[in-house]
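Down below is the structure, laid out as structure tokens.
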Amino acid sequence: MPPSGRRVYYLAKKREKRLQAPFSRDRLLRCGGANGSHHLWGQLNARSMILAMVNGVFMSDEDDQAVRNADSQAPEVFAFDCGQLPFERMGDAHFELLLADLYTARAEAGKEDWFDKACRLNDGADQGRDVILLQDSIPVGVIQCKRYNGIVQLPMIVQEICKFFLYATIKPHIAPPPGSDFRYYLAVSDRAQGKLFDFMVGKGRERFEDLRVLFEEKALAARKASATLRNHPDLRNLTQEQLCDIVWKRIDHLHTEIHKKDSLSRMIADYPEIKSTYFKLESDTARIVEEIKRLLHSHGATLSEEDEKLVSAVRTEYIGRTLGSSDRFNIGLIQGNELLPFVKSMFEPGAGTFFTNFGSRPALVVAGATAAEASQWSEINDLVKGYPYPLVFTTGCGDVSGSMLLEWMESDDISWIDPKWKPAPARNYKAGWCWVTDPENETYDCYVLVENETGDPNYDHANLSLRLAFKDVIVWPTLGNDFTNPLSNAQSQLRRIMVSQSEDKADRPNLVLASQNVRSILNVLGAVTDYHGQRSRSPIAIAIANSARLRDCEVGLHSTTGVFPALDVEHTTRATPPAVHPPSRVMRRSSNGALTLTINWATNLSLEAVKGHRLVDCDVREDLPPAALEFHELFERHPPLDGYLECVRKELDLLNFLVQSAVLADPEGFTYRTKYGVKKNEPFSLEDMAASGEYVMKAVQALSYIKSHKNAEWVVEPGADGHIKFTDPEVGDINVMAWANHTYHVRQMEGDLFRWARRDVSHPSLIVFAHAMGYVKDKNINHPRSDYTSMPPVRGSITEADVPRNVHMFNLGEIESLYDDNMALSAEDFMDDILKRRRSLDAQ
């Protein structure tokens with residue numbers, strides 16, 4: 001060895017002995033000069049690596065095996081899945097060792113030939129989580145491990161790069177000298193900012209020079225954050241420019257790369273032993289496949305080998321928290337196509353609908369398949385992020401172009417669930433979003449949903465379903481036709497749910513959040529029955545929100561928005577008819593509105609704290625009482641015919657306003673009288689009101705014609721017999737009633753009115769416009785012949801009753817021929833004629 005070499009070796013040994021650490025590369029270079037010093041450093045550092053292992057700078061095999069054996073840190077995963085692994089739920093040491101084992105396996109398999117060993121550093125949290133890649137005991141690369149539940153940002157990693165190479169100046173066992181090729185790999189457990197991704201996959205010096213200011217700032221920040229770097233004599237007095245220069249010596253020979261969740265998952269898929277070491281895979285896949293085959297066979301369907309792949313077309317997000325409390329889950333359903341004002345009001349922090357009804361507990365919210373527009377994403381996203389409590393919110397945004405989907409795919413703020421698929425820019429899709437937030441842990445994720453089976457050849461389709469695996473429930477955000485897609489279809493989401501149920505050892509309940517846009521409920525009810533049929537495997541329920549309005553109201557339902565199955569002892573929601581299985585509950589309101597409720601899975605999905613909500617002047621308020629809401633619904637459900645006079649429509653709208661503003665104190669009694677008149681105590685539930693809607697509105701539309709008279713007023717007080725108070729200067733006050741019941745005979749009406757007129761209570765005179773079975777003609781009900789139930793009294797005898805008031809009946813059809821005819825009599829002329837005919841009847 002030449003004298004200069006012996007001198008270098010002596011100095012290095014002296015320093016190693018004093019510090020019990022690997023040789024200082026910078027001091028070796030200063031002592032040995034440039035000629036041959038790199039080769040000498042390599043020889044000495046090989047020895048240094050051995051000493052580093054012995055001195056605990058790298059984790060020992062025993063340390064690594066202890067981490068592998070720590071089963072509690074291994075997340076459970078579904079075998080029938082597209083392969084996205086929950087790295088964010090691993091422990092830091094597990095994630096780091098996973099990368100070390102993965103890269104060691106790749107080297108042993110010959111997939112990588114530039115290193116032969118991967119070792120974890122044992123330098124503590126001060127330096128960070130790193131895996132050093134070695135070739136013949138010489139460091140040739142590093143994997144910076146970022147197990148971070150969120151988006152890793154560029155400034156964060158710039159500081160990590162600076163920190164690593166500042167450490168390399170005092171710990172030569174982690175990197176070769178400047179001028180040597182070196183690879184800096186970044187492995188993130190979830191997602192990375194777009195700018196960070198572009199930087200890490202970039203080449204050359206220019207990308208560093210463009211960020212020189214940021215690197216100087218972060219080099220100084222790295223030194224400040226580390227006690228070791230702050231106190232080291234070679235670093236503590238350097239300026240931020242000088243600190244950055246240490247990094248700059250390496251950038252010409254620095255190669256960078258990044259691994260995100262999707263690429264890491266694909267790499268690990270090649271090594272089943274590694275996957276089974278770090279993730280719990282307990283499913284008997286062969287048994288599950290056979291179960292599904294038998295079940296599909298019973299439904300007349302088959303499961304081919306190609307179909308087996310489709311049941312695994314699920315992207316699972318594993319979320320390490322619960323959503324429920326004591327088997328109770330808070331649900332919000334937003335109906336209609338005006339989502340934005342509802343979201344603005346309901347998500348308002350501290351005062352919005354969800355906080356008012358759920359407090360700080362998590363909420364699951366679903367809106368219809370076309371409730372939003374694609375252009376509203378940014379505004380809705382800001383509102384969601386402003387809500388300070390845990391939230392799962394799914395909504396559709398209707399038709400979206402492939403080019404727009406590609407923009408979302410590249411966005412840092414939106415998660416694309418299928419990294420293997422890119423949509424065609426020129427095609428159209430049916431899409432939506434699902435937000436999952438946990439503000440306490442600063443988690444805000446938005447996933448793009450694209451229908452897998454649109455049922456329309458004009459739309460292209462996606463391939464994957466999204467599964468949100470919480471600790472206590474599995475949530476399936478589902479868009480449009482994916483929910484109603486039958487079991488016989490290979491893309492059926494129900495098949496995927498069935499497999500999920502079979503795999504889930506915890507038997508967690510499954511909650512489907514179904515965004516719909518349907519005008520007929522039949523396909524939805526068919527799908528509900530199919531889903532409910534799988535309840536024996538594990539509990540399953542569906543929360544549906546519809547953005548369209550039902551026009552074909554089959555089975556007597558006017559809304560699809562609701563919970564299936566469900567029980568509700570209150571009247572806020574409507575029960576499905578007995579023919580619908582399973583028994584469920586839907587909204588009473590068929591127009592834009594919302595429901596907040598809590599489902600109790602411990603009591604067969606009973607609904608608790610159910611409240612309806614409506615939009616009033618861009619503010620979400622509690623909905624009308626059930627009877628008022630049911631009456632209000634009839635106005636739109638049974639509109640008047642075309643040609644309805646404007647003056648009459650004005651009065652009809654006024655009555656609707658009185659209903660909505662609660663001025664009409666007894667809407668149930670008001671509508672009861674349109675069907676049963678003066679007869680008391682007939683059964684008349686809210687469902688009866690809805691079923692009688694055509695005849696209720698037949699009466700109301702006729703009454704609106706009478707109300708257009710200047711001397712007429714709606715009767716809004718409870719308990720009154722009549723619908724309109726009419727004042728005549730000669731006769732005084734008269735109540736007007738419209739009684740329309742096509743199953744009630746006109747003689748029965750006459751008898752009821754006769755007995756009513758003789759009750760020992762104070763009543764006003766009454767004019768009744770009637771529609772009944774039989775012919776209704778002008779009649780003075782005061783005459784004893786109107787009482788067909790008893791023998792007429794003998795005139796002048798003591799059995800003849802006094803008649804304290806007048807009751808007269810006329811045909812309701814007369815009004816129906818007037819209120820849509822501009823040339824017909826006005827209400828004033830018509831009522832003059834009625835009063836004249838009334839006097840004639842009295843004179844007989």
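In the structure tokens, the first chain shown is A, the next is B, and so on; residue numbers restart at 1 for each chain, and ligands run from 1 in the order shown.
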
Filtered DSSP result for range 501-614 of chain A, state helix (DSSP H, G or I), as a VMD selection string: chain A and resid 501 to 503 522 to 532 554 to 556 601 to 603

So which residues touch range 622-633 of chain A within 7 Å, counting only C-alpha atoms, skipping near sequence neighbours fewer than 3 positions away, as a PyMOL selection string? chain A and resi 571-572+588-589+612-614+636-637+656+659-660+667-668+686+690

I need the chosen residues saved as a PDB file, in the first residue's frame, with N, CA and C atoms.
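Heads up, here's the output in selection-v9.pdb:
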```
ATOM      1  N   HIS A 571     -95.400   8.335  11.003  1.00  0.00           N
ATOM      2  CA  HIS A 571     -96.020   8.543   9.695  1.00  0.00           C
ATOM      3  C   HIS A 571     -95.164   9.415   8.789  1.00  0.00           C
ATOM      4  N   THR A 572     -93.932   9.710   9.186  1.00  0.00           N
ATOM      5  CA  THR A 572     -93.088  10.588   8.379  1.00  0.00           C
ATOM      6  C   THR A 572     -92.789   9.968   7.030  1.00  0.00           C
ATOM      7  N   ARG A 588     -92.603  10.460   1.684  1.00  0.00           N
ATOM      8  CA  ARG A 588     -93.935  10.891   1.264  1.00  0.00           C
ATOM      9  C   ARG A 588     -93.826  11.940   0.157  1.00  0.00           C
ATOM     10  N   ARG A 589     -92.842  12.798   0.274  1.00  0.00           N
ATOM     11  CA  ARG A 589     -92.663  13.845  -0.733  1.00  0.00           C
ATOM     12  C   ARG A 589     -92.124  13.225  -2.015  1.00  0.00           C
ATOM     13  N   GLY A 612     -88.483  14.646   7.673  1.00  0.00           N
ATOM     14  CA  GLY A 612     -88.466  15.087   6.293  1.00  0.00           C
ATOM     15  C   GLY A 612     -87.999  16.532   6.225  1.00  0.00           C
ATOM     16  N   HIS A 613     -87.451  16.906   5.083  1.00  0.00           N
ATOM     17  CA  HIS A 613     -86.943  18.263   4.909  1.00  0.00           C
ATOM     18  C   HIS A 613     -87.319  18.762   3.526  1.00  0.00           C
ATOM     19  N   ARG A 614     -87.501  20.070   3.415  1.00  0.00           N
ATOM     20  CA  ARG A 614     -87.843  20.698   2.143  1.00  0.00           C
ATOM     21  C   ARG A 614     -87.010  21.954   1.968  1.00  0.00           C
ATOM     22  N   GLU A 636     -99.892  18.385  -7.106  1.00  0.00           N
ATOM     23  CA  GLU A 636     -99.059  18.094  -8.271  1.00  0.00           C
ATOM     24  C   GLU A 636     -99.366  16.710  -8.845  1.00  0.00           C
ATOM     25  N   ARG A 637     -99.854  15.843  -8.008  1.00  0.00           N
ATOM     26  CA  ARG A 637    -100.145  14.485  -8.467  1.00  0.00           C
ATOM     27  C   ARG A 637    -101.397  14.452  -9.353  1.00  0.00           C
ATOM     28  N   ASN A 656    -103.050  25.730  -1.915  1.00  0.00           N
ATOM     29  CA  ASN A 656    -101.797  24.978  -1.751  1.00  0.00           C
ATOM     30  C   ASN A 656    -100.832  25.753  -0.849  1.00  0.00           C
ATOM     31  N   VAL A 659    -101.833  25.413   2.692  1.00  0.00           N
ATOM     32  CA  VAL A 659    -101.433  24.102   3.204  1.00  0.00           C
ATOM     33  C   VAL A 659     -99.962  24.119   3.600  1.00  0.00           C
ATOM     34  N   GLN A 660     -99.117  24.641   2.710  1.00  0.00           N
ATOM     35  CA  GLN A 660     -97.672  24.614   2.952  1.00  0.00           C
ATOM     36  C   GLN A 660     -97.246  25.552   4.071  1.00  0.00           C
ATOM     37  N   PRO A 667    -105.575  19.955   7.623  1.00  0.00           N
ATOM     38  CA  PRO A 667    -105.647  19.430   6.251  1.00  0.00           C
ATOM     39  C   PRO A 667    -106.284  18.050   6.177  1.00  0.00           C
ATOM     40  N   GLU A 668    -106.120  17.240   7.220  1.00  0.00           N
ATOM     41  CA  GLU A 668    -106.724  15.916   7.213  1.00  0.00           C
ATOM     42  C   GLU A 668    -108.242  16.021   7.247  1.00  0.00           C
ATOM     43  N   LEU A 686    -103.650   8.440   6.150  1.00  0.00           N
ATOM     44  CA  LEU A 686    -102.926   9.196   5.137  1.00  0.00           C
ATOM     45  C   LEU A 686    -102.851   8.419   3.832  1.00  0.00           C
ATOM     46  N   ALA A 690    -104.197   9.536   0.109  1.00  0.00           N
ATOM     47  CA  ALA A 690    -103.451   9.418  -1.144  1.00  0.00           C
ATOM     48  C   ALA A 690    -104.236   8.606  -2.166  1.00  0.00           C
TER      49      ALA A 690
END
```

Using only C-alpha atoms, find each residue of range 492-551 of chain A with at least one atom at most 12 Å away from an atom of range 294-298 of chain A; report its shortest atom-to-atom pair and that distance in Å (one decimal), sort the rows by chain and rising residue number, and return the result as CSV.
```
residue,atom,partner,partner_atom,distance
A:Ser492,CA,A:Leu296,CA,11.4
A:Leu494,CA,A:Leu296,CA,11.1
A:Arg495,CA,A:Leu296,CA,8.8
A:Met498,CA,A:Leu295,CA,9.7
A:Val499,CA,A:Leu295,CA,11.0
A:Asp530,CA,A:Leu296,CA,11.9
A:Gly533,CA,A:Leu295,CA,11.2
A:Gln534,CA,A:Leu295,CA,10.3
```

Can you list, as a ChimeraX atom specification, every protein, DNA or RNA residue that comes within 12 Å of Tyr429 in chain A when you count only C-alpha atoms, leaving out same-chain residues fewer than 4 positions away? /A:374,396-406,423-425,448-462,479-480

What are the nearest atom pairs, with distances in Å to one decimal, for all residues of range 702-759 of chain A that come at most 9 Å from range 806-809 of chain A, using only C-alpha atoms, set out by chain and rising residue number as JSON lines?
```
{"residue": "A:Glu750", "atom": "CA", "partner": "A:Met809", "partner_atom": "CA", "distance": 8.2}
{"residue": "A:Leu753", "atom": "CA", "partner": "A:Val807", "partner_atom": "CA", "distance": 7.3}
{"residue": "A:Phe754", "atom": "CA", "partner": "A:Val807", "partner_atom": "CA", "distance": 7.9}
{"residue": "A:Ala757", "atom": "CA", "partner": "A:Val807", "partner_atom": "CA", "distance": 7.0}
```

Strand (DSSP E or B) positions in range 356-482 of chain A, given as an MDAnalysis selection string: chainID A and resid 363:367 391:401 415 428:438 443:450 465:469 474:479

Could you dump the residues just selected with C-alpha atoms as a PDB file, in the first residue's frame?
```
ATOM      1  CA  ALA A 363     -73.307  10.405   8.500  1.00  0.00           C
ATOM      2  CA  LEU A 364     -73.924   8.450   5.292  1.00  0.00           C
ATOM      3  CA  VAL A 365     -75.560  10.594   2.630  1.00  0.00           C
ATOM      4  CA  VAL A 366     -76.794   9.639  -0.835  1.00  0.00           C
ATOM      5  CA  ALA A 367     -78.297  11.743  -3.626  1.00  0.00           C
ATOM      6  CA  LEU A 391     -68.977  11.678   6.246  1.00  0.00           C
ATOM      7  CA  VAL A 392     -69.675   9.259   3.415  1.00  0.00           C
ATOM      8  CA  PHE A 393     -71.443  11.092   0.600  1.00  0.00           C
ATOM      9  CA  THR A 394     -72.272   9.642  -2.789  1.00  0.00           C
ATOM     10  CA  THR A 395     -74.059  11.321  -5.675  1.00  0.00           C
ATOM     11  CA  GLY A 396     -74.359  11.027  -9.417  1.00  0.00           C
ATOM     12  CA  CYS A 397     -73.622  13.833 -11.864  1.00  0.00           C
ATOM     13  CA  GLY A 398     -75.296  12.388 -14.954  1.00  0.00           C
ATOM     14  CA  ASP A 399     -73.647  12.313 -18.370  1.00  0.00           C
ATOM     15  CA  VAL A 400     -69.899  12.924 -18.394  1.00  0.00           C
ATOM     16  CA  SER A 401     -67.552  12.868 -21.376  1.00  0.00           C
ATOM     17  CA  SER A 415     -59.156   9.199  -6.663  1.00  0.00           C
ATOM     18  CA  ASN A 428     -69.936   9.390 -22.942  1.00  0.00           C
ATOM     19  CA  TYR A 429     -70.350   7.842 -19.502  1.00  0.00           C
ATOM     20  CA  LYS A 430     -72.701   7.966 -16.543  1.00  0.00           C
ATOM     21  CA  ALA A 431     -70.658   9.058 -13.577  1.00  0.00           C
ATOM     22  CA  GLY A 432     -70.686  10.369 -10.043  1.00  0.00           C
ATOM     23  CA  TRP A 433     -68.549  10.813  -6.930  1.00  0.00           C
ATOM     24  CA  CYS A 434     -68.192   9.318  -3.491  1.00  0.00           C
ATOM     25  CA  TRP A 435     -66.543  11.309  -0.717  1.00  0.00           C
ATOM     26  CA  VAL A 436     -65.136   9.654   2.406  1.00  0.00           C
ATOM     27  CA  THR A 437     -63.954  12.136   5.005  1.00  0.00           C
ATOM     28  CA  ASP A 438     -62.531  11.987   8.512  1.00  0.00           C
ATOM     29  CA  THR A 443     -58.655  12.581   5.525  1.00  0.00           C
ATOM     30  CA  TYR A 444     -60.651  13.853   2.535  1.00  0.00           C
ATOM     31  CA  ASP A 445     -60.991  11.377  -0.321  1.00  0.00           C
ATOM     32  CA  CYS A 446     -63.221  11.682  -3.359  1.00  0.00           C
ATOM     33  CA  TYR A 447     -63.626   8.624  -5.614  1.00  0.00           C
ATOM     34  CA  VAL A 448     -64.949   8.747  -9.161  1.00  0.00           C
ATOM     35  CA  LEU A 449     -67.861   6.397  -9.802  1.00  0.00           C
ATOM     36  CA  VAL A 450     -68.639   5.259 -13.357  1.00  0.00           C
ATOM     37  CA  SER A 465     -67.266  -1.497  -8.139  1.00  0.00           C
ATOM     38  CA  LEU A 466     -66.181   0.464  -5.070  1.00  0.00           C
ATOM     39  CA  ARG A 467     -66.307  -1.229  -1.647  1.00  0.00           C
ATOM     40  CA  LEU A 468     -65.729   0.802   1.525  1.00  0.00           C
ATOM     41  CA  ALA A 469     -64.716  -1.610   4.267  1.00  0.00           C
ATOM     42  CA  ILE A 474     -69.288  -2.490   4.406  1.00  0.00           C
ATOM     43  CA  VAL A 475     -70.637   0.325   2.255  1.00  0.00           C
ATOM     44  CA  TRP A 476     -71.285  -0.061  -1.495  1.00  0.00           C
ATOM     45  CA  PRO A 477     -71.689   3.285  -3.310  1.00  0.00           C
ATOM     46  CA  THR A 478     -73.710   2.286  -6.372  1.00  0.00           C
ATOM     47  CA  LEU A 479     -74.662   4.314  -9.397  1.00  0.00           C
TER      48      LEU A 479
END
```

Fewer than 4 positions away in the same chain doesn't count, so skip those; otherwise give me all residues within 9 Å of Lys195 in chain A, counting only C-alpha atoms, as a short mmCIF file (atom, residue, chain, number, x, y, z; two decimals) with N, CA, C and O atoms, in the first residue's frame.
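Result went into around_10.cif, see below:
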```cif
data_model
loop_
_atom_site.label_atom_id
_atom_site.label_comp_id
_atom_site.auth_asym_id
_atom_site.auth_seq_id
_atom_site.Cartn_x
_atom_site.Cartn_y
_atom_site.Cartn_z
N GLN A 153 -47.22 15.30 -0.69
CA GLN A 153 -46.97 16.50 -1.46
C GLN A 153 -45.49 16.64 -1.82
O GLN A 153 -44.61 16.11 -1.15
N LEU A 154 -45.23 17.38 -2.88
CA LEU A 154 -43.86 17.61 -3.35
C LEU A 154 -42.97 18.24 -2.30
O LEU A 154 -41.85 17.75 -2.07
N PHE A 199 -42.15 15.07 -10.91
CA PHE A 199 -40.76 15.28 -10.52
C PHE A 199 -40.03 13.95 -10.37
O PHE A 199 -38.90 13.77 -10.86
N MET A 200 -40.67 12.99 -9.72
CA MET A 200 -39.99 11.73 -9.42
C MET A 200 -39.78 10.87 -10.66
O MET A 200 -38.80 10.10 -10.73
N ASP A 412 -55.15 15.73 -8.54
CA ASP A 412 -54.61 15.36 -7.23
C ASP A 412 -55.73 15.20 -6.19
O ASP A 412 -55.53 14.56 -5.15
#
```

For Glu108 in chain A, work out the shell of residues within 12 Å, counting only C-alpha atoms and skipping chain neighbours fewer than 6 positions away, then give it as a VMD selection string. chain A and resid 101 to 102 114 to 118 271

Using only C-alpha atoms, determine which residues lie at most 10 Å from Arg89 in chain A, disregarding the query and same-chain residues fewer than 4 positions distant; provide the list as a ChimeraX atom specification. /A:73-76,85,94-95,147-149,189,318-320

Can you write out the residues you just picked, keeping C-alpha atoms, as a compact mmCIF listing (two decimals), in the first residue's frame?
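out.txt was written with the following content:
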```
# COMPACT_ATOMS: atom_id res chain seq x y z
CA GLN A 73 -50.23 -5.25 12.29
CA ALA A 74 -51.34 -7.26 9.25
CA PRO A 75 -54.53 -5.79 7.75
CA GLU A 76 -57.27 -8.14 6.60
CA LEU A 85 -53.79 -3.18 -0.84
CA HIS A 94 -44.32 -3.34 8.50
CA PHE A 95 -44.50 -1.05 5.49
CA ARG A 147 -46.86 5.37 5.03
CA TYR A 148 -49.20 8.32 4.89
CA ASN A 149 -52.98 8.23 4.81
CA SER A 189 -48.88 4.02 0.87
CA TYR A 318 -60.05 -0.28 3.96
CA ILE A 319 -61.00 2.40 6.47
CA GLY A 320 -59.86 1.95 10.04
```

Nearby residues (only C-alpha atoms) at most 12 Å from Glu554 in chain A, same-chain spacing under 2 positions excluded, as a list in words: Arg519, Ser520, Ile521, Leu522, Asn523, Val524, Leu525, Leu550, Arg551, Asp552, Gly556, Leu557, His558, Ser559, Thr560, Thr576, Pro577, Ala579 and Val580 of chain A

With N, CA, C and O atoms retained, export the selected residues as a compact mmCIF listing (two decimals), in the first residue's frame.
```
# COMPACT_ATOMS: atom_id res chain seq x y z
N ARG A 519 -88.01 6.78 -13.42
CA ARG A 519 -89.39 7.28 -13.43
C ARG A 519 -90.39 6.15 -13.16
O ARG A 519 -91.58 6.40 -13.04
N SER A 520 -89.88 4.93 -13.09
CA SER A 520 -90.70 3.77 -12.73
C SER A 520 -89.96 3.00 -11.64
O SER A 520 -88.75 2.84 -11.69
N ILE A 521 -90.72 2.51 -10.68
CA ILE A 521 -90.11 1.88 -9.51
C ILE A 521 -89.99 0.36 -9.65
O ILE A 521 -89.34 -0.29 -8.82
N LEU A 522 -90.55 -0.23 -10.69
CA LEU A 522 -90.66 -1.68 -10.74
C LEU A 522 -89.30 -2.37 -10.76
O LEU A 522 -89.08 -3.35 -10.03
N ASN A 523 -88.37 -1.89 -11.58
CA ASN A 523 -87.05 -2.52 -11.62
C ASN A 523 -86.32 -2.37 -10.30
O ASN A 523 -85.59 -3.26 -9.87
N VAL A 524 -86.53 -1.24 -9.65
CA VAL A 524 -85.89 -1.01 -8.35
C VAL A 524 -86.42 -2.01 -7.33
O VAL A 524 -85.64 -2.61 -6.57
N LEU A 525 -87.74 -2.21 -7.30
CA LEU A 525 -88.31 -3.14 -6.34
C LEU A 525 -87.86 -4.58 -6.63
O LEU A 525 -87.63 -5.36 -5.71
N LEU A 550 -91.15 10.02 -10.07
CA LEU A 550 -91.95 8.92 -10.60
C LEU A 550 -93.19 9.47 -11.30
O LEU A 550 -93.91 10.30 -10.74
N ARG A 551 -93.40 9.01 -12.51
CA ARG A 551 -94.60 9.39 -13.26
C ARG A 551 -95.56 8.22 -13.35
O ARG A 551 -96.77 8.40 -13.28
N ASP A 552 -95.00 7.05 -13.50
CA ASP A 552 -95.84 5.84 -13.49
C ASP A 552 -95.80 5.29 -12.07
O ASP A 552 -94.89 4.56 -11.70
N GLY A 556 -98.78 2.02 -6.05
CA GLY A 556 -99.20 3.05 -5.12
C GLY A 556 -98.09 3.84 -4.47
O GLY A 556 -98.32 4.51 -3.46
N LEU A 557 -96.89 3.80 -5.02
CA LEU A 557 -95.77 4.55 -4.45
C LEU A 557 -95.43 5.71 -5.38
O LEU A 557 -95.38 5.55 -6.60
N HIS A 558 -95.15 6.85 -4.78
CA HIS A 558 -94.85 8.05 -5.56
C HIS A 558 -93.41 8.51 -5.34
O HIS A 558 -93.03 9.58 -5.82
N SER A 559 -92.63 7.72 -4.64
CA SER A 559 -91.22 8.05 -4.42
C SER A 559 -90.43 6.75 -4.33
O SER A 559 -90.91 5.75 -3.79
N THR A 560 -89.21 6.78 -4.88
CA THR A 560 -88.29 5.65 -4.77
C THR A 560 -87.31 5.87 -3.63
O THR A 560 -86.63 4.93 -3.20
N THR A 576 -94.42 0.70 2.20
CA THR A 576 -94.70 0.06 0.91
C THR A 576 -95.92 -0.84 1.04
O THR A 576 -96.20 -1.36 2.12
N PRO A 577 -96.67 -1.03 -0.03
CA PRO A 577 -97.87 -1.88 0.04
C PRO A 577 -97.52 -3.32 0.41
O PRO A 577 -96.39 -3.77 0.25
N ALA A 579 -97.98 -6.00 -1.04
CA ALA A 579 -97.48 -6.82 -2.14
C ALA A 579 -95.98 -6.65 -2.37
O ALA A 579 -95.36 -7.47 -3.05
N VAL A 580 -95.40 -5.59 -1.80
CA VAL A 580 -93.97 -5.33 -1.99
C VAL A 580 -93.19 -6.06 -0.90
O VAL A 580 -93.47 -5.93 0.29
```

Which of these residues is nearest to Ala351 in chain A, using only C-alpha atoms: A:His709, A:Arg621, A:Arg287, A:Lys261?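 With only C-alpha atoms as the atom set, the closest residue is A:Arg621.
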
Could you tell me how far CA of Ala548 in chain A lies from CA of Asp617 in chain A, in Å and to one decimal?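 A separation of 21.2 Å between them.
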
One residue among A:Val716, A:Ala566, A:Ala770, A:Ala824 is nearest to Arg585 in chain A when using only C-alpha atoms, and that residue is A:Ala566

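Of the residues listed (A:Glu308, A:Gly300, A:Thr316, A:Asp472), A:Thr316 shows the shortest atom-to-atom separation from Pro86 in chain A; distances use only C-alpha atoms.
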
Counting only C-alpha atoms, closest pick from A:Phe564, A:Tyr531, A:Phe470, A:Trp601 relative to Arg496 in chain A is A:Tyr531

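Put simply, CA of Val158 in chain A is 15.4 Å away from CA of Lys249 in chain A.
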
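Distances to Ile599 in chain A were evaluated for A:Ser375, A:Ser547, A:Asn681, A:Ser325 using only C-alpha atoms, and the minimum falls at A:Ser325.
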
Kindly indicate which residue among A:Leu597, A:Gly194, A:Leu235, A:Lys309 lies nearest to Thr353 in chain A, using only C-alpha atoms for the distances.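 Distance minimum relative to Thr353 in chain A lands on A:Leu597.
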